[in-house]
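Colleague: Coordinates in my_file-v1.txt, compact mmCIF, C-alpha atoms, are listed below.
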```txt
# COMPACT_ATOMS: atom_id res chain seq x y z
CA MET A 102 -4.30 -16.22 -22.06
CA ARG A 103 -7.37 -15.02 -20.20
CA PRO A 104 -10.08 -12.79 -21.64
CA ALA A 105 -10.43 -9.27 -20.28
CA PRO A 106 -12.69 -9.16 -17.22
CA GLY A 107 -16.09 -7.63 -17.74
CA SER A 108 -17.18 -7.09 -14.14
CA PHE A 109 -15.67 -6.43 -10.74
CA GLN A 110 -15.91 -10.09 -9.73
CA GLU A 111 -14.30 -11.20 -12.98
CA TRP A 112 -11.51 -8.68 -12.32
CA VAL A 113 -10.90 -10.17 -8.87
CA VAL A 114 -10.68 -13.67 -10.37
CA TYR A 115 -8.44 -12.34 -13.16
CA LEU A 116 -5.97 -10.96 -10.60
CA PHE A 117 -6.02 -13.46 -7.76
CA ASP A 118 -7.24 -16.82 -9.05
CA ARG A 119 -3.81 -17.62 -10.47
CA PRO A 120 -1.07 -20.15 -9.80
CA VAL A 121 1.77 -18.57 -7.83
CA SER A 122 4.78 -18.51 -10.09
CA LYS A 123 8.19 -16.97 -10.61
CA PRO A 124 8.23 -14.97 -12.71
CA GLN A 125 4.69 -13.92 -11.86
CA TRP A 126 2.07 -14.22 -14.56
CA TYR A 127 2.28 -10.51 -15.36
CA TYR A 128 6.00 -10.82 -16.11
CA SER A 129 5.69 -13.95 -18.24
CA GLY A 130 5.02 -12.19 -21.53
CA ASN A 131 2.23 -14.66 -22.21
CA GLU A 132 -0.58 -12.48 -20.91
CA THR A 133 -2.32 -9.50 -22.45
CA ILE A 134 -2.56 -6.96 -19.65
CA TRP A 135 -6.03 -5.49 -19.32
CA GLU A 136 -6.08 -1.74 -18.85
CA PRO A 137 -9.33 -0.37 -17.39
CA SER A 138 -10.37 3.24 -17.64
CA PRO A 139 -9.24 5.45 -14.74
CA THR A 140 -12.75 5.61 -13.29
CA VAL A 141 -13.18 1.83 -13.40
CA ALA A 142 -9.68 1.28 -12.00
CA VAL A 143 -10.29 3.48 -8.97
CA ASP A 144 -13.79 2.11 -8.36
CA TYR A 145 -12.43 -1.44 -8.41
CA VAL A 146 -9.53 -0.63 -6.10
CA ILE A 147 -11.83 1.06 -3.57
CA ASN A 148 -14.26 -1.86 -3.62
CA LEU A 149 -11.46 -4.40 -3.20
CA PHE A 150 -9.62 -2.59 -0.40
CA GLN A 151 -12.76 -1.66 1.53
CA ASN A 152 -14.02 -5.25 1.45
CA ALA A 153 -10.71 -7.09 1.43
CA GLY A 154 -11.56 -9.39 4.31
CA THR A 155 -14.43 -10.97 2.42
CA ILE A 156 -13.31 -10.64 -1.19
CA LEU A 157 -9.80 -12.03 -0.69
CA ALA A 158 -10.82 -14.82 1.69
CA PRO A 159 -10.95 -17.55 -1.02
CA TYR A 160 -7.36 -16.94 -2.09
CA SER A 161 -4.11 -18.08 -0.51
CA ASP A 162 -1.70 -15.64 1.11
CA ALA A 163 0.70 -16.14 -1.80
CA GLN A 164 -2.01 -15.46 -4.37
CA VAL A 165 -3.05 -12.30 -2.55
CA ASP A 166 0.57 -11.15 -2.31
CA GLN A 167 1.05 -11.70 -6.04
CA GLY A 168 -2.16 -9.86 -6.98
CA LEU A 169 -1.64 -6.89 -4.67
CA ILE A 170 1.87 -6.31 -6.00
CA TYR A 171 0.39 -6.19 -9.48
CA ILE A 172 -2.11 -3.55 -8.40
CA ILE A 173 0.36 -1.20 -6.71
CA HIS A 174 3.42 -1.67 -8.95
CA GLN A 175 4.13 0.84 -11.71
CA MET A 176 4.70 -1.97 -14.17
CA GLY A 177 1.01 -2.89 -13.85
CA THR A 178 -1.90 -1.09 -15.40
CA GLY A 179 -1.49 2.11 -13.46
CA TYR A 180 -4.14 1.56 -10.80
CA MET A 181 -2.19 3.66 -8.32
CA ASP A 182 -0.97 6.11 -10.95
CA VAL A 183 -4.48 7.36 -11.66
CA ILE A 184 -4.87 8.01 -7.94
CA VAL A 185 -1.58 9.77 -7.20
CA ARG A 186 -0.57 11.55 -10.42
CA ASN A 187 -1.34 15.14 -11.44
CA ASP A 188 -0.12 17.10 -14.43
CA GLU A 189 2.00 20.24 -14.10
CA LYS A 190 -1.15 22.31 -13.59
CA GLY A 191 -2.41 20.11 -10.78
CA SER A 192 -5.11 18.49 -12.89
CA ASN A 193 -6.36 14.92 -12.76
CA GLU A 194 -9.29 13.59 -14.71
CA LEU A 195 -10.70 12.03 -11.55
CA PRO A 196 -12.27 14.16 -8.80
CA TRP A 197 -10.18 14.57 -5.68
CA LEU A 198 -12.84 13.13 -3.35
CA LEU A 199 -12.77 9.85 -5.30
CA ARG A 200 -8.98 9.72 -5.23
CA GLN A 201 -9.01 10.58 -1.52
CA LYS A 202 -11.41 7.70 -0.87
CA ALA A 203 -9.07 5.35 -2.71
CA ILE A 204 -6.07 6.48 -0.66
CA GLN A 205 -8.02 6.09 2.59
CA SER A 206 -9.07 2.58 1.58
CA ILE A 207 -5.41 1.46 1.86
CA CYS A 208 -5.76 1.58 5.63
CA THR A 209 -8.87 -0.58 5.43
CA LEU A 210 -6.88 -3.16 3.47
CA TYR A 211 -4.37 -3.28 6.32
CA GLU A 212 -7.14 -3.59 8.90
CA GLN A 213 -9.11 -6.28 7.09
CA CYS A 214 -6.35 -8.26 5.40
CA PHE A 215 -2.81 -7.74 6.74
CA PHE A 216 -3.96 -7.55 10.36
CA TYR A 217 -5.49 -11.03 10.18
CA ARG A 218 -3.27 -12.76 7.64
CA CYS A 219 0.26 -11.52 8.36
CA SER A 220 2.37 -12.90 11.17
CA GLN A 221 3.86 -10.57 13.77
CA ASN A 222 7.37 -11.20 12.42
CA LEU A 223 9.53 -8.14 11.76
CA ALA A 224 10.85 -8.25 8.22
CA HIS A 225 13.64 -5.72 8.68
CA THR A 226 15.34 -7.98 11.22
CA GLY A 227 15.22 -11.03 8.96
CA GLU A 228 12.98 -12.93 11.35
CA LYS A 229 11.82 -16.24 9.94
CA GLY A 230 8.29 -17.56 9.87
CA GLY A 231 6.32 -14.81 8.18
CA THR A 232 3.43 -15.60 5.86
CA PRO A 233 3.72 -14.81 2.13
CA LEU A 234 1.60 -11.71 2.79
CA ASN A 235 4.23 -10.26 5.11
CA HIS A 236 6.20 -9.49 1.97
CA VAL A 237 3.76 -7.07 0.35
CA CYS A 238 2.81 -5.61 3.73
CA TYR A 239 6.42 -4.75 4.52
CA MET A 240 7.29 -3.54 1.01
CA TRP A 241 4.05 -1.65 0.32
CA TRP A 242 5.55 1.83 0.46
CA ASP A 243 8.61 0.77 -1.53
CA ILE A 244 6.43 -0.52 -4.37
CA PHE A 245 3.81 2.25 -4.14
CA PRO A 246 4.50 4.61 -7.05
CA CYS A 247 5.13 7.94 -5.37
CA LEU A 248 7.03 9.76 -2.67
CA GLY A 249 6.31 13.12 -1.10
CA GLN A 250 6.64 16.21 -3.28
CA PRO A 251 6.41 19.21 -0.96
CA GLU A 252 7.87 21.51 -3.60
CA GLN A 253 4.89 20.80 -5.89
CA SER A 254 1.78 22.53 -4.56
CA GLN A 255 -0.55 20.41 -6.71
CA TYR A 256 0.40 17.38 -4.61
CA ALA A 257 -0.29 18.92 -1.19
CA GLN A 258 -3.67 17.22 -0.67
CA ARG A 259 -2.39 13.87 -1.89
CA ASP A 260 0.73 13.95 0.29
CA ASN A 261 -1.24 14.99 3.35
CA GLU A 262 -3.68 12.12 2.83
CA LEU A 263 -0.98 9.51 2.32
CA LEU A 264 0.85 10.62 5.47
CA ALA A 265 -2.44 10.47 7.38
CA VAL A 266 -2.93 6.88 6.16
CA MET A 267 0.57 5.88 7.31
CA GLU A 268 -0.12 7.47 10.69
CA LYS A 269 -3.37 5.54 11.04
CA ILE A 270 -1.67 2.27 10.06
CA LEU A 271 1.01 2.95 12.67
CA HIS A 272 -1.69 2.68 15.34
CA ILE A 273 -3.01 -0.70 14.16
CA ASN A 274 -2.19 -3.16 16.91
CA HIS A 275 -0.04 -5.44 14.77
CA ASP A 276 3.75 -5.40 14.56
CA ALA A 277 3.95 -6.09 10.81
CA CYS A 278 1.47 -3.30 10.02
CA ARG A 279 3.34 -0.87 12.25
CA GLU A 280 6.66 -1.86 10.72
CA SER A 281 5.22 -1.18 7.26
CA ALA A 282 3.96 2.26 8.30
CA LEU A 283 7.33 3.10 9.81
CA ARG A 284 9.08 2.04 6.62
CA GLY A 285 6.80 4.33 4.63
CA LEU A 286 7.32 7.23 7.02
CA GLY A 287 11.06 6.64 6.85
CA HIS A 288 10.97 6.92 3.08
CA TRP A 289 9.00 10.16 3.35
CA ALA A 290 11.19 11.65 6.10
CA LYS A 291 13.51 13.34 3.62
CA ASP A 292 10.66 15.31 2.06
CA TYR A 293 8.51 15.86 5.15
CA PRO A 294 10.95 15.70 8.09
CA GLN A 295 8.85 17.66 10.57
CA ARG A 296 5.58 15.91 9.78
CA THR A 297 7.05 12.39 9.86
CA ALA A 298 9.02 13.12 13.04
CA LYS A 299 5.87 14.38 14.76
CA ILE A 300 3.90 11.28 13.74
CA ILE A 301 6.57 8.92 15.00
CA ASP A 302 7.24 10.89 18.19
CA CYS A 303 3.53 10.94 19.04
CA PHE A 304 3.41 7.19 18.57
CA LEU A 305 6.54 6.52 20.65
CA ASN A 306 5.17 8.71 23.45
CA SER A 307 1.80 6.94 23.47
CA PRO A 308 0.85 4.17 25.93
CA GLU A 309 0.57 1.63 23.09
CA ALA A 310 4.26 2.06 22.24
CA GLY A 311 5.16 0.54 25.59
CA LYS A 312 3.83 -2.79 24.37
CA ILE A 313 5.78 -3.07 21.13
CA PRO A 314 8.98 -5.13 20.74
CA PHE A 315 12.24 -3.31 21.45
CA LYS A 316 13.42 -3.94 17.88
CA LEU A 317 10.33 -2.20 16.52
CA ALA A 318 10.94 0.79 18.79
CA GLN A 319 14.49 0.91 17.49
CA TYR A 320 13.19 0.83 13.94
CA ALA A 321 10.84 3.71 14.74
CA ALA A 322 13.78 5.77 16.00
CA LEU A 323 15.66 5.07 12.77
CA ALA A 324 12.61 5.80 10.61
CA ARG A 325 12.30 9.19 12.29
CA TRP A 326 15.53 10.16 10.55
CA GLY A 327 14.85 8.31 7.32
CA TYR A 328 17.19 5.36 8.02
CA VAL A 329 15.01 2.49 6.83
CA LEU A 330 16.98 1.15 3.85
```
Write out the structure in this file as structure tokens.
Modeller:
Amino acid sequence: MRPAPGSFQEWVVYLFDRPVSKPQWYYSGNETIWEPSPTVAVDYVINLFQNAGTILAPYSDAQVDQGLIYIIHQMGTGYMDVIVRNDEKGSNELPWLLRQKAIQSICTLYEQCFFYRCSQNLAHTGEKGGTPLNHVCYMWWDIFPCLGQPEQSQYAQRDNELLAVMEKILHINHDACRESALRGLGHWAKDYPQRTAKIIDCFLNSPEAGKIPFKLAQYAALARWGYVL
């Protein structure tokens, strides 16, 4: 059992400098899960995501996959919850600008980490040969602990920012990143059909879409209607 980390660097080691195991260390029941304060949690996530290329370089793809799932999964310590949750009055103990910065940093993680460390394999087709990091890249928006809530006005800023991040990721010149964004947009299509359709249509009508694999273009067409399961 490891002691609770006392600094950002100790936190990184705590999460990523682990043997890759099944079940993962956080499911083993042998570890006391450290729960930081909301402010510390968001500060650490922003720092990690904004500097992922450098900070995660010492760790294997499988270690990074294991640690990132811990960060974004609801069963973890709620790192994403403190970013995306409001109460019924729209309140959150963290200022919106800090939460917005954390949401925007997700795109930087894709740009600095997934872009360089994932293969171009398309997960939804069952293509073989992906790196261990292709897993969390593809499943990011399945694991991420929220969907759109257009009927709840207190979530309007959050939802708008998350959709903007998916749109930005869709324009990263990497098939696995684009596939992940399309999967996320497909999940959000039920709640924001016009917005997600516009994002995908704009991408499919752009010059860059002419260079993507046919199977990815097909997936985009399905995601437009929410058919990504």
Colleague: Which of these, A:Ala321, A:Leu305, A:Val121, A:Ala257, has the shortest distance to Leu286 in chain A once you count all atoms listed in the file?
Modeller: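 The closest residue to Leu286 in chain A is A:Ala321.
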Colleague: For a test of reading the model, state the distance in Å between CA of Ser307 in chain A and CA of Gln295 in chain A, rounded to one decimal.
Modeller: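 Taking CA of Ser307 in chain A as the start and CA of Gln295 in chain A as the end point, the length is 18.2 Å.
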Colleague: In Å, how far is it from CA of Asn306 in chain A to CA of Trp242 in chain A?
Modeller: 24.0 Å
Colleague: Using all atoms listed in the file, can you tell me which of A:Asp276, A:Glu268, A:Glu262, A:Asp166 comes closest to His236 in chain A?
Modeller: A:Asp166
Colleague: Leaving out Cys278 in chain A and any residue of its chain fewer than 4 positions from it, which residues lie within 8 Å of it when counting only C-alpha atoms, given as number ranges by chain?
Modeller: A: 211, 215-216, 238-239, 270-271, 273-274, 282
Colleague: Closest to Phe117 in chain A among A:Ile172, A:Ile207, A:Ile147, A:Val141, using all atoms listed in the file?
Modeller: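 Going through A:Ile172, A:Ile207, A:Ile147, A:Val141 one by one, the smallest distance to Phe117 in chain A is for A:Ile172.
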Colleague: Tell me which of A:Lys316, A:Arg325, A:Lys229, A:Arg200 sits closest to Arg284 in chain A, counting only C-alpha atoms.
Modeller: A:Arg325
Colleague: Considering all atoms listed in the file, return as an NGL selection string whatever protein or nucleic-acid residues lie within 10 Å of Leu264 in chain A, sequence-local ones (same chain, fewer than 6 positions apart) excluded.
Modeller: :A and (249 or 270 or 282 or 285-286 or 289 or 293 or 296-297 or 300)
Colleague: Given all atoms listed in the file as the basis, pick out the residue of A:Arg119, A:His272, A:His174, A:Lys202 nearest to Phe150 in chain A.
Modeller: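 The closest residue to Phe150 in chain A is A:Lys202.
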Colleague: As a list in words, please: the residues near Thr209 in chain A (cut-off 9 Å, all atoms listed in the file, same-chain neighbours under 4 positions excluded).
Modeller: Phe150, Gln151, Asn152, Ala153, Gln205, Gln213 and Cys214 of chain A
Colleague: Go through A:Ile170, A:Leu234, A:Leu283, A:Ala265 one by one, measure the shortest atom-to-atom distance of each to Asn222 in chain A using all atoms listed in the file, and give the residue with the smallest value.
Modeller: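 With all atoms listed in the file as the atom set, the closest residue is A:Leu234.
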Colleague: If we count all atoms listed in the file and set the cut-off at 12 Å, which residues sit around Leu116 in chain A, ignoring sequence neighbours fewer than 3 positions away in its own chain? Please answer as an MDAnalysis selection string.
Modeller: chainID A and resid 103:106 109:113 119:121 125:127 132 134:135 145:146 149 156:157 160 164:172 177:178
Colleague: What is the CA of Ile204 in chain A-CA of Asp292 in chain A distance in Å, reported with one decimal?
Modeller: 19.1 Å
Colleague: Can you pull out the residues contacting Cys208 in chain A? Cut-off 8 Å, using all atoms listed in the file, and skip same-chain residues under 6 positions away; I want them as a PyMOL selection string.
Modeller: chain A and resi 266-267+269-270
Colleague: Can I get the selected residues back with C-alpha atoms, as a PDB file, keeping the file's coordinate frame?
Modeller:
```pdb
ATOM      1  CA  VAL A 266      -2.930   6.880   6.160  1.00  0.00           C
ATOM      2  CA  MET A 267       0.570   5.880   7.310  1.00  0.00           C
ATOM      3  CA  LYS A 269      -3.370   5.540  11.040  1.00  0.00           C
ATOM      4  CA  ILE A 270      -1.670   2.270  10.060  1.00  0.00           C
TER       5      ILE A 270
END
```
Colleague: Taking all atoms of range 307-325 of chain A that the file lists and extending 8 Å past them on each side, where is the centre of the axis-aligned box and how long are its edges? Answer in Å to one decimal, as AutoDock Vina command-line options.
Modeller:
```
--center_x 8.1 --center_y 2.0 --center_z 18.3 --size_x 31.1 --size_y 30.3 --size_z 31.3
```
Colleague: What would the list of residues within 9 Å of (-8.4, 6.0, -14.8) (file frame) look like as a PyMOL selection string, if only C-alpha atoms are what count?
Modeller: chain A and resi 137-143+179-180+182-184+194-195
